[in-house]
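Q: Compact mmCIF, N, CA and C atoms, saved as protein35.txt, coming up:
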# COMPACT_ATOMS: atom_id res chain seq x y z
N MET A 1 5.60 -2.74 -7.76
CA MET A 1 6.99 -2.73 -8.13
C MET A 1 7.83 -2.08 -7.03
N ALA A 2 7.33 -1.02 -6.42
CA ALA A 2 8.07 -0.38 -5.34
C ALA A 2 8.14 -1.30 -4.13
N LEU A 3 7.11 -2.10 -3.94
CA LEU A 3 7.11 -3.05 -2.82
C LEU A 3 8.28 -4.02 -2.94
N ILE A 4 8.53 -4.50 -4.14
CA ILE A 4 9.64 -5.43 -4.36
C ILE A 4 10.96 -4.73 -4.05
N GLY A 5 11.12 -3.50 -4.49
CA GLY A 5 12.33 -2.75 -4.20
C GLY A 5 12.53 -2.51 -2.73
N GLN A 6 11.44 -2.21 -2.01
CA GLN A 6 11.54 -1.96 -0.58
C GLN A 6 11.92 -3.22 0.19
N ILE A 7 11.33 -4.34 -0.19
CA ILE A 7 11.66 -5.59 0.49
C ILE A 7 13.09 -6.02 0.16
N LEU A 8 13.50 -5.86 -1.09
CA LEU A 8 14.88 -6.18 -1.45
C LEU A 8 15.87 -5.29 -0.70
N TYR A 9 15.54 -4.02 -0.55
CA TYR A 9 16.40 -3.11 0.20
C TYR A 9 16.52 -3.59 1.64
N LEU A 10 15.41 -3.98 2.22
CA LEU A 10 15.41 -4.45 3.61
C LEU A 10 16.24 -5.72 3.76
N MET A 11 16.16 -6.62 2.79
CA MET A 11 16.84 -7.90 2.90
C MET A 11 18.33 -7.82 2.53
N LYS A 12 18.68 -6.99 1.57
CA LYS A 12 20.04 -7.00 1.03
C LYS A 12 20.95 -5.91 1.58
N ARG A 13 20.40 -4.83 2.05
CA ARG A 13 21.22 -3.69 2.46
C ARG A 13 21.49 -3.73 3.95
N SER A 14 22.73 -3.50 4.33
CA SER A 14 23.02 -3.39 5.76
C SER A 14 22.68 -1.97 6.20
N PHE A 15 22.23 -1.84 7.41
CA PHE A 15 21.80 -0.55 7.94
C PHE A 15 22.89 0.00 8.85
N ALA A 16 23.00 1.32 8.88
CA ALA A 16 24.05 1.97 9.66
C ALA A 16 23.78 1.88 11.16
N SER A 17 22.52 1.77 11.54
CA SER A 17 22.20 1.65 12.97
C SER A 17 20.92 0.84 13.13
N HIS A 18 20.71 0.40 14.34
CA HIS A 18 19.48 -0.35 14.64
C HIS A 18 18.25 0.54 14.54
N ASN A 19 18.43 1.82 14.83
CA ASN A 19 17.30 2.74 14.75
C ASN A 19 16.78 2.88 13.33
N LEU A 20 17.68 2.95 12.36
CA LEU A 20 17.25 3.04 10.97
C LEU A 20 16.55 1.77 10.53
N PHE A 21 17.08 0.63 10.94
CA PHE A 21 16.44 -0.64 10.61
C PHE A 21 15.06 -0.74 11.25
N ASP A 22 14.98 -0.36 12.52
CA ASP A 22 13.69 -0.40 13.21
C ASP A 22 12.68 0.55 12.59
N GLY A 23 13.14 1.74 12.20
CA GLY A 23 12.24 2.69 11.55
C GLY A 23 11.74 2.18 10.20
N TYR A 24 12.63 1.58 9.44
CA TYR A 24 12.26 1.05 8.13
C TYR A 24 11.23 -0.06 8.27
N THR A 25 11.49 -1.01 9.16
CA THR A 25 10.54 -2.11 9.34
C THR A 25 9.25 -1.62 9.99
N ALA A 26 9.34 -0.60 10.85
CA ALA A 26 8.12 -0.08 11.49
C ALA A 26 7.17 0.50 10.47
N PHE A 27 7.69 1.23 9.47
CA PHE A 27 6.82 1.79 8.45
C PHE A 27 6.18 0.70 7.59
N ILE A 28 6.93 -0.35 7.30
CA ILE A 28 6.36 -1.44 6.51
C ILE A 28 5.28 -2.17 7.31
N VAL A 29 5.54 -2.45 8.59
CA VAL A 29 4.56 -3.13 9.44
C VAL A 29 3.35 -2.24 9.69
N PHE A 30 3.59 -0.94 9.89
CA PHE A 30 2.49 0.00 10.11
C PHE A 30 1.55 0.02 8.91
N ARG A 31 2.13 -0.02 7.73
CA ARG A 31 1.28 -0.04 6.53
C ARG A 31 0.42 -1.30 6.49
N ILE A 32 0.97 -2.44 6.86
CA ILE A 32 0.19 -3.68 6.88
C ILE A 32 -0.97 -3.55 7.85
N VAL A 33 -0.71 -3.03 9.04
CA VAL A 33 -1.77 -2.90 10.05
C VAL A 33 -2.85 -1.93 9.58
N VAL A 34 -2.46 -0.80 9.03
CA VAL A 34 -3.45 0.18 8.56
C VAL A 34 -4.29 -0.41 7.43
N ILE A 35 -3.65 -1.16 6.53
CA ILE A 35 -4.38 -1.77 5.43
C ILE A 35 -5.40 -2.79 5.96
N LEU A 36 -5.02 -3.60 6.93
CA LEU A 36 -5.95 -4.57 7.48
C LEU A 36 -7.12 -3.89 8.19
N VAL A 37 -6.85 -2.84 8.95
CA VAL A 37 -7.93 -2.12 9.65
C VAL A 37 -8.86 -1.46 8.64
N LEU A 38 -8.31 -0.80 7.62
CA LEU A 38 -9.16 -0.17 6.61
C LEU A 38 -9.98 -1.21 5.84
N SER A 39 -9.39 -2.36 5.59
CA SER A 39 -10.12 -3.41 4.88
C SER A 39 -11.31 -3.89 5.69
N ILE A 40 -11.12 -4.06 6.99
CA ILE A 40 -12.22 -4.50 7.85
C ILE A 40 -13.30 -3.43 7.90
N VAL A 41 -12.90 -2.16 8.00
CA VAL A 41 -13.88 -1.07 8.04
C VAL A 41 -14.68 -1.01 6.74
N PHE A 42 -14.01 -1.07 5.59
CA PHE A 42 -14.72 -1.04 4.31
C PHE A 42 -15.61 -2.26 4.13
N PHE A 43 -15.15 -3.41 4.59
CA PHE A 43 -15.94 -4.63 4.47
C PHE A 43 -17.21 -4.53 5.30
N VAL A 44 -17.09 -4.09 6.55
CA VAL A 44 -18.27 -3.96 7.42
C VAL A 44 -19.20 -2.88 6.90
N LYS A 45 -18.63 -1.76 6.49
CA LYS A 45 -19.45 -0.63 6.02
C LYS A 45 -20.22 -0.96 4.75
N ASN A 46 -19.59 -1.67 3.83
CA ASN A 46 -20.20 -1.85 2.52
C ASN A 46 -20.91 -3.18 2.32
N LEU A 47 -20.61 -4.19 3.11
CA LEU A 47 -21.24 -5.49 2.88
C LEU A 47 -22.06 -5.99 4.07
N ILE A 48 -21.48 -5.99 5.22
CA ILE A 48 -22.16 -6.60 6.37
C ILE A 48 -23.34 -5.76 6.83
N SER A 49 -23.19 -4.43 6.82
CA SER A 49 -24.28 -3.58 7.30
C SER A 49 -25.33 -3.31 6.23
N HIS A 50 -25.19 -3.88 5.05
CA HIS A 50 -26.15 -3.66 3.97
C HIS A 50 -27.44 -4.42 4.27
N GLU A 51 -28.55 -3.69 4.25
CA GLU A 51 -29.86 -4.30 4.50
C GLU A 51 -30.52 -4.65 3.17
N VAL A 52 -31.15 -5.80 3.12
CA VAL A 52 -31.82 -6.26 1.91
C VAL A 52 -33.31 -5.94 2.01
N ASN A 53 -33.83 -5.25 1.00
CA ASN A 53 -35.26 -4.96 0.94
C ASN A 53 -35.99 -6.13 0.30
N THR A 54 -37.29 -6.22 0.56
CA THR A 54 -38.07 -7.29 -0.06
C THR A 54 -38.17 -7.09 -1.56
N ALA A 55 -38.09 -5.85 -2.02
CA ALA A 55 -38.13 -5.59 -3.46
C ALA A 55 -36.88 -6.14 -4.14
N GLU A 56 -35.76 -6.16 -3.41
CA GLU A 56 -34.52 -6.68 -3.97
C GLU A 56 -34.53 -8.20 -4.07
N LEU A 57 -35.37 -8.84 -3.28
CA LEU A 57 -35.39 -10.30 -3.27
C LEU A 57 -36.06 -10.90 -4.50
N ASP A 58 -36.85 -10.08 -5.23
CA ASP A 58 -37.52 -10.59 -6.43
C ASP A 58 -36.51 -11.03 -7.50
N GLY A 59 -35.48 -10.27 -7.70
CA GLY A 59 -34.44 -10.65 -8.67
C GLY A 59 -33.30 -11.35 -7.95
N ARG A 60 -33.60 -12.44 -7.32
CA ARG A 60 -32.65 -13.13 -6.42
C ARG A 60 -31.36 -13.55 -7.12
N SER A 61 -31.43 -14.08 -8.32
CA SER A 61 -30.22 -14.56 -8.98
C SER A 61 -29.29 -13.38 -9.34
N GLU A 62 -29.87 -12.30 -9.82
CA GLU A 62 -29.06 -11.13 -10.15
C GLU A 62 -28.48 -10.51 -8.88
N LYS A 63 -29.27 -10.50 -7.83
CA LYS A 63 -28.83 -9.95 -6.55
C LYS A 63 -27.67 -10.75 -5.99
N SER A 64 -27.74 -12.05 -6.08
CA SER A 64 -26.66 -12.88 -5.54
C SER A 64 -25.38 -12.70 -6.35
N LYS A 65 -25.50 -12.49 -7.67
CA LYS A 65 -24.32 -12.23 -8.49
C LYS A 65 -23.65 -10.93 -8.07
N ILE A 66 -24.46 -9.91 -7.86
CA ILE A 66 -23.93 -8.60 -7.47
C ILE A 66 -23.28 -8.68 -6.09
N GLN A 67 -23.91 -9.40 -5.15
CA GLN A 67 -23.33 -9.54 -3.82
C GLN A 67 -22.01 -10.31 -3.88
N CYS A 68 -21.95 -11.32 -4.71
CA CYS A 68 -20.72 -12.10 -4.86
C CYS A 68 -19.61 -11.24 -5.44
N GLN A 69 -19.92 -10.42 -6.43
CA GLN A 69 -18.92 -9.54 -7.02
C GLN A 69 -18.46 -8.49 -6.01
N GLY A 70 -19.40 -7.97 -5.21
CA GLY A 70 -19.04 -7.01 -4.17
C GLY A 70 -18.16 -7.64 -3.11
N LEU A 71 -18.48 -8.87 -2.75
CA LEU A 71 -17.67 -9.59 -1.77
C LEU A 71 -16.25 -9.79 -2.28
N ILE A 72 -16.11 -10.19 -3.52
CA ILE A 72 -14.79 -10.38 -4.11
C ILE A 72 -14.03 -9.06 -4.17
N LEU A 73 -14.72 -7.97 -4.52
CA LEU A 73 -14.08 -6.66 -4.60
C LEU A 73 -13.52 -6.25 -3.25
N TYR A 74 -14.34 -6.35 -2.20
CA TYR A 74 -13.89 -5.88 -0.90
C TYR A 74 -12.94 -6.87 -0.21
N LEU A 75 -12.97 -8.14 -0.57
CA LEU A 75 -11.98 -9.08 -0.04
C LEU A 75 -10.62 -8.89 -0.72
N SER A 76 -10.63 -8.40 -1.95
CA SER A 76 -9.38 -8.15 -2.65
C SER A 76 -8.80 -6.77 -2.32
N TYR A 77 -9.53 -5.98 -1.57
CA TYR A 77 -9.08 -4.62 -1.24
C TYR A 77 -7.73 -4.59 -0.53
N PRO A 78 -7.45 -5.45 0.46
CA PRO A 78 -6.12 -5.40 1.09
C PRO A 78 -4.98 -5.63 0.10
N PHE A 79 -5.17 -6.56 -0.82
CA PHE A 79 -4.13 -6.83 -1.81
C PHE A 79 -3.98 -5.67 -2.78
N MET A 80 -5.10 -5.01 -3.10
CA MET A 80 -5.03 -3.85 -3.97
C MET A 80 -4.26 -2.71 -3.32
N LEU A 81 -4.47 -2.52 -2.03
CA LEU A 81 -3.73 -1.48 -1.32
C LEU A 81 -2.26 -1.83 -1.20
N TRP A 82 -1.97 -3.06 -0.87
CA TRP A 82 -0.58 -3.44 -0.64
C TRP A 82 0.24 -3.41 -1.91
N PHE A 83 -0.31 -3.90 -3.00
CA PHE A 83 0.45 -4.00 -4.25
C PHE A 83 0.20 -2.84 -5.20
N GLY A 84 -0.69 -1.90 -4.86
CA GLY A 84 -0.91 -0.72 -5.69
C GLY A 84 -1.94 -0.88 -6.79
N PHE A 85 -2.71 -1.96 -6.78
CA PHE A 85 -3.71 -2.16 -7.81
C PHE A 85 -4.96 -1.31 -7.60
N TYR A 86 -5.01 -0.54 -6.51
CA TYR A 86 -6.14 0.37 -6.30
C TYR A 86 -6.17 1.43 -7.40
N ARG A 87 -5.07 1.62 -8.10
CA ARG A 87 -5.04 2.58 -9.20
C ARG A 87 -5.97 2.17 -10.35
N LEU A 88 -6.38 0.90 -10.36
CA LEU A 88 -7.29 0.42 -11.40
C LEU A 88 -8.75 0.79 -11.13
N PHE A 89 -9.06 1.20 -9.88
CA PHE A 89 -10.42 1.62 -9.56
C PHE A 89 -10.79 2.85 -10.37
N SER A 90 -12.05 2.95 -10.72
CA SER A 90 -12.56 4.14 -11.37
C SER A 90 -12.64 5.27 -10.34
N VAL A 91 -12.00 6.38 -10.62
CA VAL A 91 -11.99 7.48 -9.67
C VAL A 91 -13.39 8.04 -9.47
N LYS A 92 -14.20 7.98 -10.51
CA LYS A 92 -15.57 8.49 -10.42
C LYS A 92 -16.40 7.67 -9.44
N ASP A 93 -16.23 6.36 -9.43
CA ASP A 93 -17.04 5.50 -8.57
C ASP A 93 -16.43 5.27 -7.19
N PHE A 94 -15.11 5.30 -7.07
CA PHE A 94 -14.44 4.99 -5.82
C PHE A 94 -13.51 6.13 -5.40
N THR A 95 -14.04 7.33 -5.36
CA THR A 95 -13.22 8.51 -5.05
C THR A 95 -12.57 8.40 -3.68
N ALA A 96 -13.34 8.05 -2.66
CA ALA A 96 -12.80 7.98 -1.30
C ALA A 96 -11.74 6.89 -1.18
N VAL A 97 -11.97 5.76 -1.80
CA VAL A 97 -11.02 4.64 -1.72
C VAL A 97 -9.70 5.01 -2.39
N VAL A 98 -9.77 5.60 -3.57
CA VAL A 98 -8.56 5.96 -4.30
C VAL A 98 -7.81 7.07 -3.58
N PHE A 99 -8.52 8.08 -3.08
CA PHE A 99 -7.88 9.18 -2.36
C PHE A 99 -7.20 8.66 -1.09
N THR A 100 -7.90 7.83 -0.32
CA THR A 100 -7.34 7.26 0.90
C THR A 100 -6.10 6.42 0.59
N SER A 101 -6.16 5.65 -0.46
CA SER A 101 -5.03 4.79 -0.83
C SER A 101 -3.81 5.61 -1.24
N TYR A 102 -4.02 6.66 -2.03
CA TYR A 102 -2.90 7.51 -2.42
C TYR A 102 -2.29 8.21 -1.20
N CYS A 103 -3.13 8.68 -0.30
CA CYS A 103 -2.62 9.33 0.92
C CYS A 103 -1.83 8.35 1.77
N LEU A 104 -2.34 7.14 1.92
CA LEU A 104 -1.62 6.12 2.69
C LEU A 104 -0.25 5.85 2.08
N GLU A 105 -0.21 5.69 0.79
CA GLU A 105 1.06 5.36 0.14
C GLU A 105 2.05 6.51 0.24
N LEU A 106 1.57 7.72 0.06
CA LEU A 106 2.47 8.86 0.08
C LEU A 106 2.96 9.18 1.49
N VAL A 107 2.05 9.30 2.44
CA VAL A 107 2.40 9.76 3.79
C VAL A 107 3.05 8.67 4.63
N PHE A 108 2.54 7.46 4.54
CA PHE A 108 3.01 6.42 5.45
C PHE A 108 3.99 5.44 4.82
N GLN A 109 4.29 5.58 3.54
CA GLN A 109 5.18 4.60 2.93
C GLN A 109 6.28 5.27 2.12
N SER A 110 5.96 5.94 1.08
CA SER A 110 6.97 6.41 0.13
C SER A 110 7.89 7.48 0.71
N VAL A 111 7.33 8.54 1.23
CA VAL A 111 8.16 9.65 1.71
C VAL A 111 9.02 9.23 2.91
N PRO A 112 8.47 8.59 3.94
CA PRO A 112 9.35 8.19 5.06
C PRO A 112 10.45 7.22 4.64
N LEU A 113 10.13 6.27 3.75
CA LEU A 113 11.14 5.31 3.36
C LEU A 113 12.23 5.94 2.49
N VAL A 114 11.88 6.95 1.69
CA VAL A 114 12.89 7.67 0.93
C VAL A 114 13.86 8.36 1.89
N PHE A 115 13.32 8.99 2.93
CA PHE A 115 14.19 9.66 3.91
C PHE A 115 15.07 8.65 4.65
N ILE A 116 14.50 7.54 5.08
CA ILE A 116 15.29 6.54 5.79
C ILE A 116 16.36 5.96 4.88
N GLN A 117 16.00 5.64 3.63
CA GLN A 117 16.99 5.10 2.70
C GLN A 117 18.07 6.13 2.39
N GLY A 118 17.69 7.38 2.23
CA GLY A 118 18.68 8.43 1.95
C GLY A 118 19.65 8.63 3.09
N ILE A 119 19.13 8.67 4.32
CA ILE A 119 19.99 8.81 5.49
C ILE A 119 20.92 7.61 5.62
N ASN A 120 20.37 6.41 5.47
CA ASN A 120 21.18 5.20 5.59
C ASN A 120 22.25 5.15 4.51
N ASN A 121 21.90 5.47 3.27
CA ASN A 121 22.88 5.44 2.19
C ASN A 121 23.97 6.48 2.40
N GLY A 122 23.60 7.66 2.89
CA GLY A 122 24.60 8.69 3.15
C GLY A 122 25.57 8.28 4.25
N ILE A 123 25.06 7.70 5.31
CA ILE A 123 25.93 7.24 6.40
C ILE A 123 26.84 6.11 5.92
N MET A 124 26.28 5.19 5.16
CA MET A 124 27.09 4.06 4.69
C MET A 124 28.17 4.51 3.70
N GLN A 125 27.88 5.49 2.86
CA GLN A 125 28.89 6.00 1.93
C GLN A 125 29.98 6.76 2.67
N ASP A 126 29.60 7.52 3.71
CA ASP A 126 30.59 8.25 4.49
C ASP A 126 31.53 7.31 5.24
N SER A 127 31.02 6.13 5.59
CA SER A 127 31.86 5.17 6.30
C SER A 127 32.74 4.36 5.36
N GLY A 128 32.66 4.61 4.05
CA GLY A 128 33.53 3.95 3.10
C GLY A 128 32.97 2.72 2.45
N LEU A 129 31.73 2.37 2.74
CA LEU A 129 31.12 1.20 2.12
C LEU A 129 30.44 1.62 0.82
N ASP A 130 30.76 0.93 -0.24
CA ASP A 130 30.14 1.24 -1.53
C ASP A 130 28.72 0.71 -1.55
N PRO A 131 27.78 1.50 -2.06
CA PRO A 131 26.41 1.00 -2.14
C PRO A 131 26.28 -0.10 -3.19
N LYS A 132 25.45 -1.02 -2.91
CA LYS A 132 25.18 -2.11 -3.85
C LYS A 132 24.20 -1.61 -4.91
N PRO A 133 24.10 -2.30 -6.04
CA PRO A 133 23.16 -1.87 -7.09
C PRO A 133 21.71 -1.85 -6.61
N ILE A 134 21.38 -2.65 -5.62
CA ILE A 134 20.00 -2.69 -5.13
C ILE A 134 19.58 -1.36 -4.52
N VAL A 135 20.56 -0.60 -4.01
CA VAL A 135 20.26 0.69 -3.40
C VAL A 135 19.69 1.64 -4.45
N GLY A 136 20.34 1.73 -5.58
CA GLY A 136 19.85 2.60 -6.64
C GLY A 136 18.52 2.14 -7.19
N TYR A 137 18.36 0.83 -7.32
CA TYR A 137 17.10 0.27 -7.81
C TYR A 137 15.95 0.61 -6.88
N SER A 138 16.15 0.40 -5.60
CA SER A 138 15.08 0.64 -4.62
C SER A 138 14.75 2.12 -4.52
N MET A 139 15.76 2.97 -4.44
CA MET A 139 15.51 4.41 -4.35
C MET A 139 14.83 4.91 -5.62
N GLY A 140 15.26 4.41 -6.77
CA GLY A 140 14.65 4.82 -8.03
C GLY A 140 13.19 4.45 -8.11
N LEU A 141 12.85 3.23 -7.71
CA LEU A 141 11.45 2.80 -7.74
C LEU A 141 10.60 3.62 -6.78
N THR A 142 11.11 3.89 -5.60
CA THR A 142 10.35 4.67 -4.62
C THR A 142 10.13 6.09 -5.12
N ILE A 143 11.13 6.69 -5.71
CA ILE A 143 10.99 8.05 -6.23
C ILE A 143 10.03 8.08 -7.42
N VAL A 144 10.07 7.06 -8.27
CA VAL A 144 9.13 6.98 -9.39
C VAL A 144 7.70 6.88 -8.88
N VAL A 145 7.48 6.11 -7.81
CA VAL A 145 6.14 5.99 -7.24
C VAL A 145 5.67 7.33 -6.70
N VAL A 146 6.55 8.07 -6.02
CA VAL A 146 6.18 9.38 -5.48
C VAL A 146 5.83 10.33 -6.62
N ILE A 147 6.61 10.33 -7.68
CA ILE A 147 6.32 11.20 -8.83
C ILE A 147 5.02 10.79 -9.50
N GLU A 148 4.79 9.48 -9.61
CA GLU A 148 3.58 8.98 -10.25
C GLU A 148 2.33 9.38 -9.47
N LEU A 149 2.45 9.54 -8.16
CA LEU A 149 1.31 9.94 -7.35
C LEU A 149 0.80 11.32 -7.74
N PHE A 150 1.70 12.18 -8.20
CA PHE A 150 1.31 13.54 -8.53
C PHE A 150 0.91 13.72 -9.98
N LEU A 151 1.05 12.70 -10.80
CA LEU A 151 0.68 12.83 -12.21
C LEU A 151 -0.77 12.55 -12.46
Written as structure tokens, how would this file's structure read?
A:
Amino acid sequence: MALIGQILYLMKRSFASHNLFDGYTAFIVFRIVVILVLSIVFFVKNLISHEVNTAELDGRSEKSKIQCQGLILYLSYPFMLWFGFYRLFSVKDFTAVVFTSYCLELVFQSVPLVFIQGINNGIMQDSGLDPKPIVGYSMGLTIVVVIELFL
């Protein structure tokens, strides 16, 4: 939900300077790059480097089902990070994944974008331009996500 607000803010809101626009888009692009790199690392670490024992080959049909489910899980990981569905992971089983995802969202997405949006909105209001309703919607969603991270 915050992703929709951030993209709408980027598309609908005029920015007070090119630096604010560049900073806003840089954080969004940086998140995409970090998510892709982490996805490749998790995929290689958990699936490609997995060695099969001869004892595992006896239950071949069950093994192939488990490998298929693991493949689907780790291929869906980038989408889970981008859209926030990593919150559905069991914290007991995926502690590192959930912790890394929360840190990524907080440090590299939510907090910097709140500051950039706040600075931009303050400059635009000082210059006499009334904020559009999308500004409140986007800031509200981002702040809700930050608060939700700590609950």
Q: In the coordinate frame of the file, compute which residues have an atom within 8 Å of (0.6, 5.2, 4.7) when using only N, CA and C atoms, and state them as a PDB file with N, CA and C atoms, in the frame of the given file.
A:
ATOM      1  N   PHE A  27       7.690   1.230   9.470  1.00  0.00           N
ATOM      2  CA  PHE A  27       6.820   1.790   8.450  1.00  0.00           C
ATOM      3  C   PHE A  27       6.180   0.700   7.590  1.00  0.00           C
ATOM      4  N   PHE A  30       3.590  -0.940   9.890  1.00  0.00           N
ATOM      5  CA  PHE A  30       2.490   0.000  10.110  1.00  0.00           C
ATOM      6  C   PHE A  30       1.550   0.020   8.910  1.00  0.00           C
ATOM      7  N   ARG A  31       2.130  -0.020   7.730  1.00  0.00           N
ATOM      8  CA  ARG A  31       1.280  -0.040   6.530  1.00  0.00           C
ATOM      9  C   ARG A  31       0.420  -1.300   6.490  1.00  0.00           C
ATOM     10  N   ILE A  32       0.970  -2.440   6.860  1.00  0.00           N
ATOM     11  CA  ILE A  32       0.190  -3.680   6.880  1.00  0.00           C
ATOM     12  C   ILE A  32      -0.970  -3.550   7.850  1.00  0.00           C
ATOM     13  N   VAL A  34      -2.460  -0.800   9.030  1.00  0.00           N
ATOM     14  CA  VAL A  34      -3.450   0.180   8.560  1.00  0.00           C
ATOM     15  C   VAL A  34      -4.290  -0.410   7.430  1.00  0.00           C
ATOM     16  N   ILE A  35      -3.650  -1.160   6.530  1.00  0.00           N
ATOM     17  CA  ILE A  35      -4.380  -1.770   5.430  1.00  0.00           C
ATOM     18  C   ILE A  35      -5.400  -2.790   5.960  1.00  0.00           C
ATOM     19  N   THR A 100      -7.900   7.830  -0.320  1.00  0.00           N
ATOM     20  CA  THR A 100      -7.340   7.260   0.900  1.00  0.00           C
ATOM     21  C   THR A 100      -6.100   6.420   0.590  1.00  0.00           C
ATOM     22  N   SER A 101      -6.160   5.650  -0.460  1.00  0.00           N
ATOM     23  CA  SER A 101      -5.030   4.790  -0.830  1.00  0.00           C
ATOM     24  C   SER A 101      -3.810   5.610  -1.240  1.00  0.00           C
ATOM     25  N   TYR A 102      -4.020   6.660  -2.030  1.00  0.00           N
ATOM     26  CA  TYR A 102      -2.900   7.510  -2.420  1.00  0.00           C
ATOM     27  C   TYR A 102      -2.290   8.210  -1.200  1.00  0.00           C
ATOM     28  N   CYS A 103      -3.130   8.680  -0.300  1.00  0.00           N
ATOM     29  CA  CYS A 103      -2.620   9.330   0.920  1.00  0.00           C
ATOM     30  C   CYS A 103      -1.830   8.350   1.770  1.00  0.00           C
ATOM     31  N   LEU A 104      -2.340   7.140   1.920  1.00  0.00           N
ATOM     32  CA  LEU A 104      -1.620   6.120   2.690  1.00  0.00           C
ATOM     33  C   LEU A 104      -0.250   5.850   2.080  1.00  0.00           C
ATOM     34  N   GLU A 105      -0.210   5.690   0.790  1.00  0.00           N
ATOM     35  CA  GLU A 105       1.060   5.360   0.140  1.00  0.00           C
ATOM     36  C   GLU A 105       2.050   6.510   0.240  1.00  0.00           C
ATOM     37  N   LEU A 106       1.570   7.720   0.060  1.00  0.00           N
ATOM     38  CA  LEU A 106       2.470   8.860   0.080  1.00  0.00           C
ATOM     39  C   LEU A 106       2.960   9.180   1.490  1.00  0.00           C
ATOM     40  N   VAL A 107       2.050   9.300   2.440  1.00  0.00           N
ATOM     41  CA  VAL A 107       2.400   9.760   3.790  1.00  0.00           C
ATOM     42  C   VAL A 107       3.050   8.670   4.630  1.00  0.00           C
ATOM     43  N   PHE A 108       2.540   7.460   4.540  1.00  0.00           N
ATOM     44  CA  PHE A 108       3.010   6.420   5.450  1.00  0.00           C
ATOM     45  C   PHE A 108       3.990   5.440   4.820  1.00  0.00           C
ATOM     46  N   GLN A 109       4.290   5.580   3.540  1.00  0.00           N
ATOM     47  CA  GLN A 109       5.180   4.600   2.930  1.00  0.00           C
ATOM     48  C   GLN A 109       6.280   5.270   2.120  1.00  0.00           C
ATOM     49  N   SER A 110       5.960   5.940   1.080  1.00  0.00           N
ATOM     50  CA  SER A 110       6.970   6.410   0.130  1.00  0.00           C
ATOM     51  C   SER A 110       7.890   7.480   0.710  1.00  0.00           C
TER      52      SER A 110
END
Q: If we count only C-alpha atoms and set the cut-off at 12 Å, which residues sit around Phe43 (chain A), ignoring sequence neighbours fewer than 3 positions away in its own chain? Please answer as a PyMOL selection string.
A: chain A and resi 35-40+46-50+70-78
Q: Would you work out the distance separating CA of Phe99 (chain A) from CA of Gln69 (chain A), expressed in Å to one decimal?
A: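 Value for the CA of Phe99 (chain A)-CA of Gln69 (chain A) distance: 22.2 Å.
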Q: Would you mind listing what lies within 10 Å of Ile123 (chain A) as JSON, numbers by chain, with only C-alpha atoms counted and same-chain residues fewer than 6 positions away left out?
A: {"A": [15, 16, 17, 117, 129]}
Q: If you measure from atom C of Met139 (chain A) to CA of Phe89 (chain A), what distance in Å do you get, rounded to one decimal?
A: 25.8 Å
Q: I want to know what sits within 8 Å of region 18-23 of chain A, based on all atoms listed in the file, with residues of the same chain fewer than 2 positions away left out; could you give that as an MDAnalysis selection string?
A: chainID A and resid 14:16 25:29 112:113 116:117 119:120
Q: Would you write out those residues with N, CA and C atoms, as a compact mmCIF listing (two decimals), keeping the file's coordinate frame?
A:
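Everything below was put into selection_24.txt:
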# COMPACT_ATOMS: atom_id res chain seq x y z
N SER A 14 22.73 -3.50 4.33
CA SER A 14 23.02 -3.39 5.76
C SER A 14 22.68 -1.97 6.20
N PHE A 15 22.23 -1.84 7.41
CA PHE A 15 21.80 -0.55 7.94
C PHE A 15 22.89 0.00 8.85
N ALA A 16 23.00 1.32 8.88
CA ALA A 16 24.05 1.97 9.66
C ALA A 16 23.78 1.88 11.16
N THR A 25 11.49 -1.01 9.16
CA THR A 25 10.54 -2.11 9.34
C THR A 25 9.25 -1.62 9.99
N ALA A 26 9.34 -0.60 10.85
CA ALA A 26 8.12 -0.08 11.49
C ALA A 26 7.17 0.50 10.47
N PHE A 27 7.69 1.23 9.47
CA PHE A 27 6.82 1.79 8.45
C PHE A 27 6.18 0.70 7.59
N ILE A 28 6.93 -0.35 7.30
CA ILE A 28 6.36 -1.44 6.51
C ILE A 28 5.28 -2.17 7.31
N VAL A 29 5.54 -2.45 8.59
CA VAL A 29 4.56 -3.13 9.44
C VAL A 29 3.35 -2.24 9.69
N PRO A 112 8.47 8.59 3.94
CA PRO A 112 9.35 8.19 5.06
C PRO A 112 10.45 7.22 4.64
N LEU A 113 10.13 6.27 3.75
CA LEU A 113 11.14 5.31 3.36
C LEU A 113 12.23 5.94 2.49
N ILE A 116 14.50 7.54 5.08
CA ILE A 116 15.29 6.54 5.79
C ILE A 116 16.36 5.96 4.88
N GLN A 117 16.00 5.64 3.63
CA GLN A 117 16.99 5.10 2.70
C GLN A 117 18.07 6.13 2.39
N ILE A 119 19.13 8.67 4.32
CA ILE A 119 19.99 8.81 5.49
C ILE A 119 20.92 7.61 5.62
N ASN A 120 20.37 6.41 5.47
CA ASN A 120 21.18 5.20 5.59
C ASN A 120 22.25 5.15 4.51
Q: Find the distance between CA of Gly140 (chain A) and CA of Val98 (chain A) and write it in Å to one decimal.
A: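 That distance, rounded to one decimal, is 23.5 Å.
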Q: Got a moment to write region 84-97 of chain A out with C-alpha atoms, as an mmCIF file, in the first residue's frame?
A:
data_model
loop_
_atom_site.group_PDB
_atom_site.id
_atom_site.type_symbol
_atom_site.label_atom_id
_atom_site.label_comp_id
_atom_site.auth_asym_id
_atom_site.auth_seq_id
_atom_site.Cartn_x
_atom_site.Cartn_y
_atom_site.Cartn_z
ATOM 1 C CA GLY A 84 5.728 -6.063 1.679
ATOM 2 C CA PHE A 85 4.417 -9.629 1.656
ATOM 3 C CA TYR A 86 7.535 -10.773 3.550
ATOM 4 C CA ARG A 87 5.459 -10.003 6.651
ATOM 5 C CA LEU A 88 3.623 -13.268 5.947
ATOM 6 C CA PHE A 89 6.782 -15.321 6.594
ATOM 7 C CA SER A 90 6.951 -17.139 9.891
ATOM 8 C CA VAL A 91 9.421 -15.252 12.065
ATOM 9 C CA LYS A 92 10.463 -18.505 13.716
ATOM 10 C CA ASP A 93 11.494 -20.118 10.420
ATOM 11 C CA PHE A 94 12.695 -17.072 8.454
ATOM 12 C CA THR A 95 14.197 -14.809 11.114
ATOM 13 C CA ALA A 96 17.049 -13.493 8.960
ATOM 14 C CA VAL A 97 14.817 -12.845 5.952
#
